[in-house]
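*Asks:* Got a structure for you, written out below as structure tokens; questions coming shortly.
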Amino acid sequence: MQTALAAAALCASLAAAPQQDPGSAPAPAPPAPAEPRPAAVTQPSPEPEPAPKITDKLKTDAASLAPIVSSGLAKEFLAATARLAEPAPRTVYRNRERGTAVSARDFESMSADARTGFTARECSPEFYFETGYGSPLVYARVLDLAAPHLAKGVPTKVLDYGYGSIGQLQLLAHCGFDAHGVDIEPLFPALYSEPGDTGSMGKGSVAIHTGRWPADEALKGAIGGGYALITSKNTLKNGYVHPSPPAGQTVDPKRLLQLGVGDAEFVAQVHAALNPGGVFVIYNICPPQNPPDKEYIPYADGTSPFSREMLEKAGFEVLAFDARDEPWVLDCFERLGYSQGKSREELAKDYFCWYTIARRRP
């Protein structure tokens, strides 16, 4: 600012002075032009921080859960998070009216007419491992409960009924299992269709199946038998299979689990698919049931849909029946950050848990 004022005064004085005679002394040289100001240097924008990897989160969560599991099998399962591959974001296309879904690769190969009715769904790496069902690491508790009753040695085949996400299957494969999952959700085979999602993995393998097992004979043949462990977490709930809403209420069949066969037949097929000494675990975490004047919640009843007598009649030795497991669930959910700032006492009002363990007699 001071330089500009001085230059202005100098110009004014030159304008007021009389012109010099050519013979007089030479006029003073004009002031040197100001040195040009250097151009401002634009700092490059900082690179955005890379998004945290879901596999890193799973490793951190596994370390947090390790102190609350006891069996070597559950500890190995959690440690296997170090060998999970980070999935890339992917797109699947779903047609709800037809009840189908396809991968992006399959969608691109379809004709324009065949694409009608499909909508795209972007699936993040987090969705790949957690879908709508939370962390696959909670499955460690299922293994902890099963481990003391399994035959000696590492079991080689596991079937997860209603698997819901592929994470626990991949972790089981890295522990040396041939891990099979079955579910009726058509989104899953489209989502888990890239190389490395299934097939040989670590010391084991992963296979997923879609449909109603064991009602579908072709599916029953594909899944086969010889299993050391069959599990169902948050699928075989009494409320899903045998809902009991208050008088005057009905339940939308779409919210229920259709076994496709009678209860006794389903239990018999589970028994047949297990090796002698094989273990069947039902593990269900549930919210509180609504009061009678509110809408009935089928998935809030997590007791076994099959009676103790039915399991025993099929040839099972019942090791635990509708046992409660809220203390472990609360420990787990606090460590996974699911408490949302609630105290343990408050959290205890939000979650309930039942499990049943049955072993095929040798």
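Each chain in the structure tokens gets a letter, A, B, ..., in the order shown, and its residues are numbered from 1; ligands are numbered from 1 in order too.
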Can you list, as a PyMOL selection string, every residue of region 168-350 of chain A that DSSP puts in strand (DSSP E)?
*Replies:* chain A and resi 178-183+199-201+204-210+227-233+274-286+316-324
*Asks:* Just want the 9 Å neighbourhood of region 142-152 of chain A, counted on only C-alpha atoms, with same-chain residues fewer than 3 positions away dropped. Output as an NGL selection string.
*Replies:* :A and (69-75 or 77 or 138-139 or 155 or 228-229 or 231-233 or 277-283 or 319 or 355 or 357 or 359)
*Asks:* Quote the spacing between CA of Phe129 (chain A) and CA of Leu84 (chain A) in Å to one decimal place.
*Replies:*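 Atom-to-atom, CA of Phe129 (chain A) to CA of Leu84 (chain A), that is 10.3 Å.
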*Asks:* Counting only C-alpha atoms, which of A:Glu76, A:Glu108, A:Asp301, A:Glu86 gets nearest to His174 (chain A)?
*Replies:*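 Of A:Glu76, A:Glu108, A:Asp301, A:Glu86, the one nearest His174 (chain A) is A:Glu76, counting only C-alpha atoms.
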*Asks:* Quick one, how far is CA of Ala85 (chain A) from CA of Asp197 (chain A)?
*Replies:* 9.1 Å
*Asks:* Fewer than 5 positions away in the same chain doesn't count, so skip those; otherwise give me all residues within 12 Å of Glu126 (chain A), counting only C-alpha atoms, as a PDB file with N, CA and C atoms, in the first residue's frame.
*Replies:*
```pdb
ATOM      1  N   ALA A  51     -10.020 -45.554   2.203  1.00  0.00           N
ATOM      2  CA  ALA A  51     -11.058 -46.099   3.082  1.00  0.00           C
ATOM      3  C   ALA A  51     -10.474 -47.257   3.884  1.00  0.00           C
ATOM      4  N   PRO A  52     -10.826 -47.353   5.157  1.00  0.00           N
ATOM      5  CA  PRO A  52     -10.310 -48.478   5.949  1.00  0.00           C
ATOM      6  C   PRO A  52     -10.791 -49.802   5.371  1.00  0.00           C
ATOM      7  N   LYS A  53      -9.960 -50.793   5.421  1.00  0.00           N
ATOM      8  CA  LYS A  53     -10.305 -52.098   4.870  1.00  0.00           C
ATOM      9  C   LYS A  53     -11.186 -52.865   5.846  1.00  0.00           C
ATOM     10  N   ILE A  54     -12.189 -53.530   5.309  1.00  0.00           N
ATOM     11  CA  ILE A  54     -13.046 -54.338   6.162  1.00  0.00           C
ATOM     12  C   ILE A  54     -12.265 -55.493   6.765  1.00  0.00           C
ATOM     13  N   THR A  55     -11.283 -56.012   6.037  1.00  0.00           N
ATOM     14  CA  THR A  55     -10.492 -57.111   6.590  1.00  0.00           C
ATOM     15  C   THR A  55      -9.653 -56.645   7.781  1.00  0.00           C
ATOM     16  N   ASP A  56      -9.191 -55.399   7.761  1.00  0.00           N
ATOM     17  CA  ASP A  56      -8.469 -54.874   8.919  1.00  0.00           C
ATOM     18  C   ASP A  56      -9.400 -54.746  10.118  1.00  0.00           C
ATOM     19  N   LYS A  57     -10.626 -54.313   9.858  1.00  0.00           N
ATOM     20  CA  LYS A  57     -11.606 -54.211  10.945  1.00  0.00           C
ATOM     21  C   LYS A  57     -11.905 -55.585  11.528  1.00  0.00           C
ATOM     22  N   LEU A  58     -12.045 -56.577  10.662  1.00  0.00           N
ATOM     23  CA  LEU A  58     -12.319 -57.924  11.146  1.00  0.00           C
ATOM     24  C   LEU A  58     -11.161 -58.455  11.988  1.00  0.00           C
ATOM     25  N   GLU A  86      -9.274 -58.968   0.872  1.00  0.00           N
ATOM     26  CA  GLU A  86     -10.138 -57.786   0.808  1.00  0.00           C
ATOM     27  C   GLU A  86     -10.939 -57.813  -0.497  1.00  0.00           C
ATOM     28  N   PRO A  87     -12.272 -57.836  -0.430  1.00  0.00           N
ATOM     29  CA  PRO A  87     -13.057 -57.850  -1.665  1.00  0.00           C
ATOM     30  C   PRO A  87     -13.153 -56.462  -2.270  1.00  0.00           C
ATOM     31  N   ALA A  88     -13.278 -56.408  -3.569  1.00  0.00           N
ATOM     32  CA  ALA A  88     -13.517 -55.129  -4.248  1.00  0.00           C
ATOM     33  C   ALA A  88     -15.013 -54.826  -4.217  1.00  0.00           C
ATOM     34  N   PRO A  89     -15.373 -53.539  -4.268  1.00  0.00           N
ATOM     35  CA  PRO A  89     -16.800 -53.217  -4.421  1.00  0.00           C
ATOM     36  C   PRO A  89     -17.334 -53.857  -5.692  1.00  0.00           C
ATOM     37  N   ARG A  90     -18.562 -54.267  -5.655  1.00  0.00           N
ATOM     38  CA  ARG A  90     -19.140 -54.900  -6.830  1.00  0.00           C
ATOM     39  C   ARG A  90     -20.621 -54.566  -6.944  1.00  0.00           C
ATOM     40  N   THR A 131     -23.372 -58.329   5.083  1.00  0.00           N
ATOM     41  CA  THR A 131     -24.716 -58.244   4.496  1.00  0.00           C
ATOM     42  C   THR A 131     -25.619 -57.493   5.480  1.00  0.00           C
ATOM     43  N   GLY A 132     -26.770 -58.049   5.790  1.00  0.00           N
ATOM     44  CA  GLY A 132     -27.634 -57.364   6.759  1.00  0.00           C
ATOM     45  C   GLY A 132     -27.598 -58.001   8.120  1.00  0.00           C
ATOM     46  N   TYR A 133     -26.603 -58.856   8.362  1.00  0.00           N
ATOM     47  CA  TYR A 133     -26.656 -59.709   9.548  1.00  0.00           C
ATOM     48  C   TYR A 133     -25.512 -59.494  10.532  1.00  0.00           C
ATOM     49  N   GLY A 134     -24.724 -58.477  10.343  1.00  0.00           N
ATOM     50  CA  GLY A 134     -23.673 -58.185  11.309  1.00  0.00           C
ATOM     51  C   GLY A 134     -22.420 -59.009  11.092  1.00  0.00           C
ATOM     52  N   SER A 135     -21.542 -58.939  12.054  1.00  0.00           N
ATOM     53  CA  SER A 135     -20.220 -59.545  11.918  1.00  0.00           C
ATOM     54  C   SER A 135     -20.276 -61.063  11.842  1.00  0.00           C
ATOM     55  N   PRO A 136     -19.544 -61.665  10.894  1.00  0.00           N
ATOM     56  CA  PRO A 136     -19.468 -63.127  10.841  1.00  0.00           C
ATOM     57  C   PRO A 136     -18.700 -63.712  12.017  1.00  0.00           C
ATOM     58  N   SER A 165     -24.111 -64.812   5.037  1.00  0.00           N
ATOM     59  CA  SER A 165     -22.938 -64.102   4.503  1.00  0.00           C
ATOM     60  C   SER A 165     -21.796 -65.097   4.441  1.00  0.00           C
ATOM     61  N   ILE A 166     -20.815 -64.793   3.606  1.00  0.00           N
ATOM     62  CA  ILE A 166     -19.789 -65.796   3.305  1.00  0.00           C
ATOM     63  C   ILE A 166     -18.613 -65.778   4.277  1.00  0.00           C
ATOM     64  N   GLY A 167     -18.548 -64.777   5.150  1.00  0.00           N
ATOM     65  CA  GLY A 167     -17.374 -64.613   5.996  1.00  0.00           C
ATOM     66  C   GLY A 167     -17.027 -65.823   6.829  1.00  0.00           C
TER      67      GLY A 167
END
```
*Asks:* Interatomic distance between CA of Leu219 (chain A) and CA of Leu159 (chain A)?
*Replies:*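 Separation between CA of Leu219 (chain A) and CA of Leu159 (chain A): 13.0 Å.
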*Asks:* Using only C-alpha atoms, which residue out of A:Leu65, A:Ala179, A:Ala247, A:Leu274 lies closest to Pro362 (chain A)?
*Replies:* A:Leu274
*Asks:* Taking 4 positions as the minimum chain separation for residues in the same chain, which residues sit within 6 Å of Phe316 (chain A) when counting only C-alpha atoms? Answer as a list in words.
*Replies:*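 Near neighbours after the sequence-gap exclusion: Leu311, Glu312, Ala358, Arg359, Arg360 and Arg361 of chain A.
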*Asks:* Save out the residues we just selected, C-alpha atoms, as a compact mmCIF listing (two decimals), in the first residue's frame.
*Replies:*
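Produced file again-v7.txt, reproduced below:
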```txt
# COMPACT_ATOMS: atom_id res chain seq x y z
CA LEU A 311 -34.74 -84.67 18.38
CA GLU A 312 -34.33 -87.73 20.59
CA ALA A 358 -27.75 -82.25 19.72
CA ARG A 359 -25.32 -84.98 18.77
CA ARG A 360 -25.99 -87.93 16.49
CA ARG A 361 -25.47 -91.05 18.50
```
*Asks:* Apply DSSP to the backbone of this structure and, from region 146-272 of chain A, keep only the residues in helix (DSSP H, G or I); write these as a PDB file with C-alpha atoms, in the first residue's frame.
*Replies:*
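Writing done, so here's states37.pdb:
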```
ATOM      1  CA  ALA A 146     -19.809 -77.296  19.538  1.00  0.00           C
ATOM      2  CA  ALA A 147     -16.092 -77.948  20.099  1.00  0.00           C
ATOM      3  CA  PRO A 148     -16.310 -79.985  23.341  1.00  0.00           C
ATOM      4  CA  HIS A 149     -18.737 -82.421  21.705  1.00  0.00           C
ATOM      5  CA  GLY A 167     -17.374 -64.613   5.996  1.00  0.00           C
ATOM      6  CA  GLN A 168     -17.708 -67.521   8.415  1.00  0.00           C
ATOM      7  CA  LEU A 169     -17.493 -70.016   5.546  1.00  0.00           C
ATOM      8  CA  GLN A 170     -14.201 -68.538   4.341  1.00  0.00           C
ATOM      9  CA  LEU A 171     -12.812 -68.489   7.873  1.00  0.00           C
ATOM     10  CA  LEU A 172     -13.810 -72.132   8.326  1.00  0.00           C
ATOM     11  CA  ALA A 173     -12.073 -73.006   5.054  1.00  0.00           C
ATOM     12  CA  HIS A 174      -8.875 -71.367   6.279  1.00  0.00           C
ATOM     13  CA  LEU A 187     -28.697 -62.329  -4.043  1.00  0.00           C
ATOM     14  CA  PHE A 188     -25.906 -64.407  -2.539  1.00  0.00           C
ATOM     15  CA  PRO A 189     -24.868 -66.514  -5.563  1.00  0.00           C
ATOM     16  CA  ALA A 190     -24.781 -63.292  -7.603  1.00  0.00           C
ATOM     17  CA  LEU A 191     -22.743 -61.478  -4.966  1.00  0.00           C
ATOM     18  CA  GLU A 217     -33.996 -83.392  -3.956  1.00  0.00           C
ATOM     19  CA  ALA A 218     -31.395 -82.061  -6.400  1.00  0.00           C
ATOM     20  CA  LEU A 219     -30.083 -79.696  -3.746  1.00  0.00           C
ATOM     21  CA  LYS A 220     -30.016 -82.481  -1.185  1.00  0.00           C
ATOM     22  CA  GLY A 221     -27.887 -84.513  -3.580  1.00  0.00           C
ATOM     23  CA  ALA A 222     -25.499 -81.589  -4.176  1.00  0.00           C
ATOM     24  CA  ILE A 223     -25.025 -80.951  -0.464  1.00  0.00           C
ATOM     25  CA  ASN A 238     -39.441 -71.078  16.526  1.00  0.00           C
ATOM     26  CA  GLY A 239     -41.058 -67.764  15.624  1.00  0.00           C
ATOM     27  CA  TYR A 240     -40.068 -68.203  11.985  1.00  0.00           C
ATOM     28  CA  VAL A 241     -41.320 -71.808  11.789  1.00  0.00           C
ATOM     29  CA  PRO A 253     -45.841 -65.656   5.151  1.00  0.00           C
ATOM     30  CA  LYS A 254     -42.948 -63.815   3.479  1.00  0.00           C
ATOM     31  CA  ARG A 255     -41.570 -63.097   6.961  1.00  0.00           C
ATOM     32  CA  ASP A 263     -40.572 -80.858  11.255  1.00  0.00           C
ATOM     33  CA  ALA A 264     -39.876 -84.548  11.881  1.00  0.00           C
ATOM     34  CA  GLU A 265     -38.641 -85.017   8.300  1.00  0.00           C
ATOM     35  CA  PHE A 266     -36.350 -81.991   8.568  1.00  0.00           C
ATOM     36  CA  VAL A 267     -34.802 -83.301  11.803  1.00  0.00           C
ATOM     37  CA  ALA A 268     -34.418 -86.764  10.259  1.00  0.00           C
ATOM     38  CA  GLN A 269     -32.593 -85.270   7.264  1.00  0.00           C
ATOM     39  CA  VAL A 270     -30.226 -83.317   9.529  1.00  0.00           C
ATOM     40  CA  HIS A 271     -29.514 -86.552  11.381  1.00  0.00           C
ATOM     41  CA  ALA A 272     -28.890 -88.411   8.110  1.00  0.00           C
TER      42      ALA A 272
END
```
